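Reproduced below: protein-v5.pdb, with PDB, C-alpha atoms, pLDDT in the B column.
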```
ATOM      1  CA  MET D 176     110.062 -23.612 135.098  1.00 78.00           C
ATOM      2  CA  MET D 177     108.705 -20.101 134.582  1.00 78.00           C
ATOM      3  CA  GLN D 178     108.458 -20.671 130.828  1.00 83.00           C
ATOM      4  CA  LEU D 179     106.432 -23.834 131.389  1.00 84.00           C
ATOM      5  CA  ARG D 180     104.112 -21.990 133.763  1.00 81.00           C
ATOM      6  CA  VAL D 181     103.513 -19.198 131.255  1.00 82.00           C
ATOM      7  CA  ARG D 182     102.940 -21.626 128.388  1.00 82.00           C
ATOM      8  CA  SER D 183     100.560 -23.883 130.293  1.00 83.00           C
ATOM      9  CA  ALA D 184      98.504 -20.894 131.475  1.00 80.00           C
ATOM     10  CA  MET D 185      98.395 -19.476 127.932  1.00 82.00           C
ATOM     11  CA  GLU D 186      97.323 -22.679 126.171  1.00 82.00           C
ATOM     12  CA  GLY D 187      93.692 -22.510 127.246  1.00 77.00           C
ATOM     13  CA  SER D 188      93.218 -19.114 125.634  1.00 79.00           C
ATOM     14  CA  PHE D 189      94.032 -20.501 122.212  1.00 78.00           C
ATOM     15  CA  ALA D 190      91.473 -23.307 122.128  1.00 78.00           C
ATOM     16  CA  GLY D 191      89.695 -23.051 118.778  1.00 80.00           C
ATOM     17  CA  VAL D 192      91.759 -20.054 117.623  1.00 83.00           C
ATOM     18  CA  ASN D 193      93.302 -20.038 114.170  1.00 84.00           C
ATOM     19  CA  ILE D 194      96.985 -19.561 115.017  1.00 87.00           C
ATOM     20  CA  THR D 195      97.733 -19.048 111.319  1.00 92.00           C
ATOM     21  CA  GLU D 196      96.123 -15.594 111.490  1.00 90.00           C
ATOM     22  CA  LEU D 197      98.349 -14.645 114.426  1.00 91.00           C
ATOM     23  CA  LEU D 198     101.464 -15.854 112.668  1.00 93.00           C
ATOM     24  CA  THR D 199     100.529 -14.085 109.446  1.00 95.00           C
ATOM     25  CA  PHE D 200     100.083 -10.786 111.264  1.00 96.00           C
ATOM     26  CA  TYR D 201     103.245 -10.973 113.369  1.00 96.00           C
ATOM     27  CA  GLN D 202     105.458 -12.366 110.615  1.00 96.00           C
ATOM     28  CA  SER D 203     104.532  -9.553 108.244  1.00 96.00           C
ATOM     29  CA  GLU D 204     106.772  -6.480 107.935  1.00 96.00           C
ATOM     30  CA  ARG D 205     104.181  -4.482 109.859  1.00 97.00           C
ATOM     31  CA  GLY D 206     103.981  -7.105 112.606  1.00 96.00           C
ATOM     32  CA  GLN D 207     107.754  -7.212 112.902  1.00 97.00           C
ATOM     33  CA  ARG D 208     107.886  -3.384 113.225  1.00 96.00           C
ATOM     34  CA  ILE D 209     105.289  -3.555 115.986  1.00 97.00           C
ATOM     35  CA  VAL D 210     107.133  -6.281 117.910  1.00 96.00           C
ATOM     36  CA  GLU D 211     110.437  -4.414 117.605  1.00 97.00           C
ATOM     37  CA  ALA D 212     108.775  -1.182 118.736  1.00 96.00           C
ATOM     38  CA  GLU D 213     107.212  -2.866 121.767  1.00 96.00           C
ATOM     39  CA  LEU D 214     110.497  -4.476 122.808  1.00 96.00           C
ATOM     40  CA  ALA D 215     112.357  -1.184 122.342  1.00 95.00           C
ATOM     41  CA  GLY D 216     109.686   0.614 124.396  1.00 94.00           C
ATOM     42  CA  ARG D 217     110.074  -1.822 127.285  1.00 93.00           C
ATOM     43  CA  LYS D 218     113.862  -1.476 127.218  1.00 96.00           C
ATOM     44  CA  TYR D 219     113.618   2.307 127.068  1.00 94.00           C
ATOM     45  CA  LEU D 220     111.388   2.457 130.149  1.00 92.00           C
ATOM     46  CA  LEU D 221     114.110   0.755 132.189  1.00 93.00           C
ATOM     47  CA  LEU D 222     116.195   3.938 131.888  1.00 93.00           C
ATOM     48  CA  GLU D 223     116.184   6.534 134.664  1.00 92.00           C
ATOM     49  CA  GLY D 224     113.593   9.261 133.954  1.00 90.00           C
ATOM     50  CA  ALA D 225     112.318   7.541 130.811  1.00 90.00           C
ATOM     51  CA  GLN D 226     108.743   7.144 132.039  1.00 89.00           C
ATOM     52  CA  GLU D 227     108.233  10.868 132.599  1.00 85.00           C
ATOM     53  CA  THR D 228     109.826  11.717 129.249  1.00 87.00           C
ATOM     54  CA  ALA D 229     107.754   9.130 127.391  1.00 86.00           C
ATOM     55  CA  GLU D 230     104.474  10.223 128.984  1.00 79.00           C
ATOM     56  CA  ALA D 231     104.840  13.733 127.617  1.00 76.00           C
ATOM     57  CA  ALA D 232     106.304  12.729 124.256  1.00 75.00           C
ATOM     58  CA  CYS D 233     103.238  11.672 122.311  1.00 73.00           C
ATOM     59  CA  LEU D 234     100.446  13.875 123.547  1.00 69.00           C
ATOM     60  CA  GLU D 235     100.535  15.690 120.217  1.00 69.00           C
ATOM     61  CA  PRO D 236      98.921  15.468 117.814  1.00 76.00           C
ATOM     62  CA  PRO D 237      95.667  14.716 119.668  1.00 80.00           C
ATOM     63  CA  GLU D 238      94.792  12.029 117.098  1.00 84.00           C
ATOM     64  CA  ARG D 239      97.870  10.020 118.150  1.00 85.00           C
ATOM     65  CA  ALA D 240      96.928  10.258 121.829  1.00 86.00           C
ATOM     66  CA  GLU D 241      93.360   9.191 120.957  1.00 91.00           C
ATOM     67  CA  ALA D 242      94.626   6.195 118.962  1.00 92.00           C
ATOM     68  CA  LEU D 243      96.861   5.094 121.848  1.00 92.00           C
ATOM     69  CA  LEU D 244      93.939   5.454 124.252  1.00 93.00           C
ATOM     70  CA  GLU D 245      91.796   3.348 121.916  1.00 96.00           C
ATOM     71  CA  PHE D 246      94.523   0.677 121.833  1.00 96.00           C
ATOM     72  CA  ALA D 247      94.637   0.642 125.651  1.00 96.00           C
ATOM     73  CA  GLN D 248      90.842   0.366 125.856  1.00 97.00           C
ATOM     74  CA  VAL D 249      90.520  -2.323 123.184  1.00 97.00           C
ATOM     75  CA  ASN D 250      93.105  -4.436 125.007  1.00 97.00           C
ATOM     76  CA  ASP D 251      91.728  -3.578 128.468  1.00 97.00           C
ATOM     77  CA  LEU D 252      95.260  -2.758 129.577  1.00 97.00           C
ATOM     78  CA  LEU D 253      94.429  -0.809 132.719  1.00 96.00           C
ATOM     79  CA  GLU D 254      91.879  -3.153 134.290  1.00 96.00           C
ATOM     80  CA  ARG D 255      93.834  -6.302 133.453  1.00 96.00           C
ATOM     81  CA  ASN D 256      97.040  -4.833 134.874  1.00 96.00           C
ATOM     82  CA  VAL D 257      95.261  -3.648 138.032  1.00 96.00           C
ATOM     83  CA  ALA D 258      93.778  -7.124 138.533  1.00 96.00           C
ATOM     84  CA  GLY D 259      97.157  -8.754 137.906  1.00 96.00           C
ATOM     85  CA  THR D 260      98.870  -6.495 140.426  1.00 96.00           C
ATOM     86  CA  LEU D 261      96.215  -7.173 143.063  1.00 95.00           C
ATOM     87  CA  ASN D 262      96.459 -10.928 142.476  1.00 95.00           C
ATOM     88  CA  SER D 263     100.257 -10.802 142.789  1.00 95.00           C
ATOM     89  CA  ASP D 264      99.978  -8.820 146.019  1.00 94.00           C
ATOM     90  CA  LEU D 265      97.532 -11.394 147.401  1.00 94.00           C
ATOM     91  CA  ALA D 266      99.896 -14.208 146.446  1.00 94.00           C
ATOM     92  CA  PHE D 267     102.773 -12.430 148.224  1.00 94.00           C
ATOM     93  CA  TYR D 268     100.729 -12.156 151.417  1.00 92.00           C
ATOM     94  CA  ARG D 269      99.696 -15.807 151.115  1.00 92.00           C
ATOM     95  CA  GLY D 270     103.385 -16.668 151.060  1.00 93.00           C
ATOM     96  CA  LEU D 271     104.008 -14.555 154.162  1.00 91.00           C
ATOM     97  CA  ILE D 272     101.048 -16.141 155.963  1.00 91.00           C
ATOM     98  CA  GLU D 273     102.040 -19.683 155.042  1.00 90.00           C
ATOM     99  CA  GLY D 274     105.613 -18.869 156.020  1.00 89.00           C
ATOM    100  CA  GLY D 275     104.355 -17.890 159.470  1.00 86.00           C
ATOM    101  CA  VAL D 276     105.122 -14.159 159.363  1.00 84.00           C
ATOM    102  CA  PHE D 277     101.454 -13.108 159.689  1.00 80.00           C
ATOM    103  CA  GLU D 278      98.410 -14.708 161.212  1.00 84.00           C
ATOM    104  CA  MET D 279      95.666 -13.156 159.124  1.00 82.00           C
ATOM    105  CA  GLN D 280      92.495 -14.338 157.496  1.00 83.00           C
ATOM    106  CA  GLU D 281      92.317 -14.211 153.692  1.00 81.00           C
ATOM    107  CA  GLY D 282      89.452 -11.715 153.929  1.00 84.00           C
ATOM    108  CA  ASP D 283      91.590  -9.306 155.963  1.00 87.00           C
ATOM    109  CA  VAL D 284      94.406  -9.578 153.457  1.00 87.00           C
ATOM    110  CA  LEU D 285      91.963  -8.939 150.614  1.00 88.00           C
ATOM    111  CA  VAL D 286      90.658  -5.786 152.315  1.00 91.00           C
ATOM    112  CA  GLY D 287      94.214  -4.524 152.806  1.00 89.00           C
ATOM    113  CA  VAL D 288      95.214  -5.209 149.218  1.00 90.00           C
ATOM    114  CA  GLN D 289      92.024  -3.665 147.822  1.00 91.00           C
ATOM    115  CA  ALA D 290      92.685  -0.524 149.852  1.00 94.00           C
ATOM    116  CA  ARG D 291      95.749   0.028 147.655  1.00 92.00           C
ATOM    117  CA  MET D 292      93.699  -0.137 144.447  1.00 93.00           C
ATOM    118  CA  PRO D 293      93.492   3.646 143.852  1.00 94.00           C
ATOM    119  CA  GLU D 294      97.268   3.996 144.274  1.00 95.00           C
ATOM    120  CA  ILE D 295      97.894   1.000 142.009  1.00 95.00           C
ATOM    121  CA  ARG D 296      95.504   2.368 139.371  1.00 95.00           C
ATOM    122  CA  VAL D 297      97.206   5.786 139.260  1.00 94.00           C
ATOM    123  CA  SER D 298     100.652   4.210 139.045  1.00 93.00           C
ATOM    124  CA  LEU D 299      99.593   1.840 136.266  1.00 94.00           C
ATOM    125  CA  GLU D 300      97.819   4.578 134.293  1.00 93.00           C
ATOM    126  CA  ALA D 301     101.088   6.523 134.243  1.00 90.00           C
ATOM    127  CA  TRP D 302     103.148   3.469 133.296  1.00 92.00           C
ATOM    128  CA  ILE D 303     100.762   2.335 130.547  1.00 94.00           C
ATOM    129  CA  SER D 304     100.658   5.837 129.090  1.00 91.00           C
ATOM    130  CA  ALA D 305     104.451   5.999 129.088  1.00 92.00           C
ATOM    131  CA  TYR D 306     104.760   2.506 127.643  1.00 94.00           C
ATOM    132  CA  LEU D 307     102.327   3.157 124.818  1.00 94.00           C
ATOM    133  CA  CYS D 308     104.056   6.427 123.962  1.00 91.00           C
ATOM    134  CA  ALA D 309     107.500   4.813 124.052  1.00 93.00           C
ATOM    135  CA  ALA D 310     106.500   1.676 122.178  1.00 93.00           C
ATOM    136  CA  LEU D 311     103.779   2.725 119.764  1.00 93.00           C
ATOM    137  CA  GLY D 312     103.989   6.505 119.675  1.00 88.00           C
ATOM    138  CA  ASP D 313     106.351   6.589 116.691  1.00 88.00           C
ATOM    139  CA  LEU D 314     104.744   3.815 114.665  1.00 91.00           C
ATOM    140  CA  PRO D 315     103.501   4.859 111.253  1.00 88.00           C
ATOM    141  CA  GLU D 316      99.830   5.786 111.509  1.00 80.00           C
ATOM    142  CA  GLY D 317      98.769   2.845 109.338  1.00 93.00           C
ATOM    143  CA  ASP D 318     100.623   0.406 111.588  1.00 96.00           C
ATOM    144  CA  LEU D 319      98.892   1.643 114.731  1.00 95.00           C
ATOM    145  CA  ALA D 320      95.471   1.527 113.054  1.00 95.00           C
ATOM    146  CA  ALA D 321      96.168  -2.014 111.814  1.00 97.00           C
ATOM    147  CA  TYR D 322      97.331  -3.070 115.292  1.00 97.00           C
ATOM    148  CA  ILE D 323      94.140  -1.723 116.856  1.00 97.00           C
ATOM    149  CA  ALA D 324      92.050  -3.510 114.215  1.00 97.00           C
ATOM    150  CA  PHE D 325      93.987  -6.746 114.773  1.00 97.00           C
ATOM    151  CA  SER D 326      93.509  -6.431 118.550  1.00 97.00           C
ATOM    152  CA  LYS D 327      89.731  -6.498 117.976  1.00 97.00           C
ATOM    153  CA  THR D 328      89.794  -9.802 116.067  1.00 94.00           C
ATOM    154  CA  ASP D 329      89.137 -13.139 117.759  1.00 91.00           C
ATOM    155  CA  GLU D 330      92.822 -13.977 117.328  1.00 93.00           C
ATOM    156  CA  GLY D 331      93.947 -10.660 118.813  1.00 94.00           C
ATOM    157  CA  VAL D 332      91.610 -11.025 121.779  1.00 94.00           C
ATOM    158  CA  ALA D 333      92.808 -14.594 122.359  1.00 92.00           C
ATOM    159  CA  LEU D 334      96.452 -13.519 122.252  1.00 93.00           C
ATOM    160  CA  ASN D 335      95.861 -10.645 124.662  1.00 94.00           C
ATOM    161  CA  THR D 336      93.994 -12.942 127.054  1.00 93.00           C
ATOM    162  CA  ALA D 337      96.723 -15.564 126.793  1.00 91.00           C
ATOM    163  CA  ILE D 338      99.453 -13.042 127.555  1.00 91.00           C
ATOM    164  CA  PHE D 339      97.672 -11.728 130.636  1.00 93.00           C
ATOM    165  CA  GLU D 340      96.810 -15.221 131.876  1.00 90.00           C
ATOM    166  CA  GLY D 341     100.283 -16.613 131.243  1.00 89.00           C
ATOM    167  CA  TYR D 342     102.275 -13.812 132.739  1.00 91.00           C
ATOM    168  CA  GLY D 343      99.711 -13.296 135.488  1.00 91.00           C
ATOM    169  CA  ALA D 344     100.113 -16.902 136.609  1.00 89.00           C
ATOM    170  CA  ARG D 345     103.891 -16.515 136.565  1.00 91.00           C
ATOM    171  CA  SER D 346     103.737 -13.285 138.573  1.00 93.00           C
ATOM    172  CA  GLU D 347     101.480 -14.870 141.168  1.00 94.00           C
ATOM    173  CA  ASP D 348     103.805 -17.862 141.520  1.00 92.00           C
ATOM    174  CA  LEU D 349     106.837 -15.593 141.902  1.00 93.00           C
ATOM    175  CA  SER D 350     105.080 -13.318 144.392  1.00 94.00           C
ATOM    176  CA  TYR D 351     104.030 -16.291 146.503  1.00 94.00           C
ATOM    177  CA  ALA D 352     107.580 -17.688 146.429  1.00 93.00           C
ATOM    178  CA  ILE D 353     109.004 -14.299 147.409  1.00 94.00           C
ATOM    179  CA  GLY D 354     106.564 -14.146 150.344  1.00 92.00           C
ATOM    180  CA  LEU D 355     107.782 -17.548 151.509  1.00 92.00           C
ATOM    181  CA  ALA D 356     111.422 -16.519 151.032  1.00 92.00           C
ATOM    182  CA  VAL D 357     110.887 -13.342 153.048  1.00 91.00           C
ATOM    183  CA  SER D 358     109.373 -15.477 155.814  1.00 88.00           C
ATOM    184  CA  VAL D 359     112.393 -17.748 155.889  1.00 84.00           C
ATOM    185  CA  GLN D 360     114.714 -14.725 155.926  1.00 83.00           C
ATOM    186  CA  MET D 361     112.794 -13.030 158.741  1.00 82.00           C
ATOM    187  CA  PHE D 362     112.789 -16.129 160.924  1.00 73.00           C
ATOM    188  CA  GLY D 363     116.463 -16.749 160.152  1.00 67.00           C
ATOM    189  CA  GLU D 364     117.336 -13.261 161.382  1.00 57.00           C
ATOM    190  CA  ASP D 365     115.384 -13.784 164.627  1.00 52.00           C
ATOM    191  CA  LEU D 366     117.491 -16.831 165.463  1.00 44.00           C
TER     192      LEU D 366
END
```
Mind turning this structure into structure tokens?
Amino acid sequence: MMQLRVRSAMEGSFAGVNITELLTFYQSERGQRIVEAELAGRKYLLLEGAQETAEAACLEPPERAEALLEFAQVNDLLERNVAGTLNSDLAFYRGLIEGGVFEMQEGDVLVGVQARMPEIRVSLEAWISAYLCAALGDLPEGDLAAYIAFSKTDEGVALNTAIFEGYGARSEDLSYAIGLAVSVQMFGEDL
């Protein structure tokens, strides 16, 4: 069910996009190295203390840090992740409200969620920095430059948009369902 949700949300982002260009990039040796590095980076960050270690690992040379920052900016990683987190939080509260735990207006919930934005932003900046260092920090320089260039193409932009829309929709659905489940649990305990 989650796979279907991700796929259906992603489909709209690919209207009119030449998928062949995406496949060519990701099926190349360079593309395969990038995918493997990103998967390894995500797995690494699941380890205790890995985020702090990764954050400090690729600050030198400065050119590498600048390239990783450019990648983050080109792909709008911070703002899209902040928006996704806020939307998931809103969905969670909607689940709690519909489950009867809270009696709040949507506007009040929005104000409460937005109040957390600075905290969310700082947390995500740290995580994104660690992720980029862990995943892309050791890529050969040519690979990182090619990945940044690819991210700027119409196909790269469409893929990035599709990923955020697909996984954002899934996260919102899950957050809403968790809010409802918490409501059921809370009322079950009261009985």
Notebook entry, point to check: Just so the selection is clear, what residues does the PyMOL selection byres ((chain D and resi 349-362) around 8) cover here, as a PyMOL selection string?
Noted result: chain D and resi 263-264+266-271+273-276+345-348+363-366
Next item on the list: Name the residues captured by the PyMOL selection byres ((chain D and resi 209) around 9) when it is applied to the shown file; answer as a ChimeraX atom specification.
Entry: /D:201,204-208,210-214,310-311,314,318-319,322
Next item on the list: Write out as a list in words the residues lying within 10 Å of stretch 248-250 of chain D, counting only C-alpha atoms and excluding same-chain residues fewer than 5 positions away.
Entry: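 The contact residues come out as Ala242, Leu243, Arg255, Ile323, Ala324, Ser326, Lys327, Gly331, Val332, Asn335 and Thr336 of chain D.
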Check: Where does the PyMOL selection byres ((chain D and resi 340) around 10) land in this file, that is, which residues does it pick, as a ChimeraX atom specification?
Finding: /D:181-188,255,259,334-339,341-346
Notebook entry, point to check: By how many Å are atom CA of D:Val297 and atom CA of D:Pro236 apart?
Noted result: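 Pair atom CA of D:Val297 / atom CA of D:Pro236 returns 23.6 Å.
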Notebook entry, point to check: Hey, which of D:Cys233, D:Asp313, D:Thr260, D:Glu245 ends up closest to D:Pro293? Count only C-alpha atoms.
Noted result: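 Comparing D:Cys233, D:Asp313, D:Thr260, D:Glu245 against D:Pro293, the winner is D:Thr260.
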Note to self: Show me, as number ranges by chain, the residues that have an atom within 10 Å of D:Glu230 when counting only C-alpha atoms, minus same-chain residues fewer than 5 positions from it.
What the structure shows: D: 225, 301-309
Note to self: To one decimal place in Å, what is the distance between atom CA of D:Arg180 and atom CA of D:Ala290?
What the structure shows: 29.2 Å
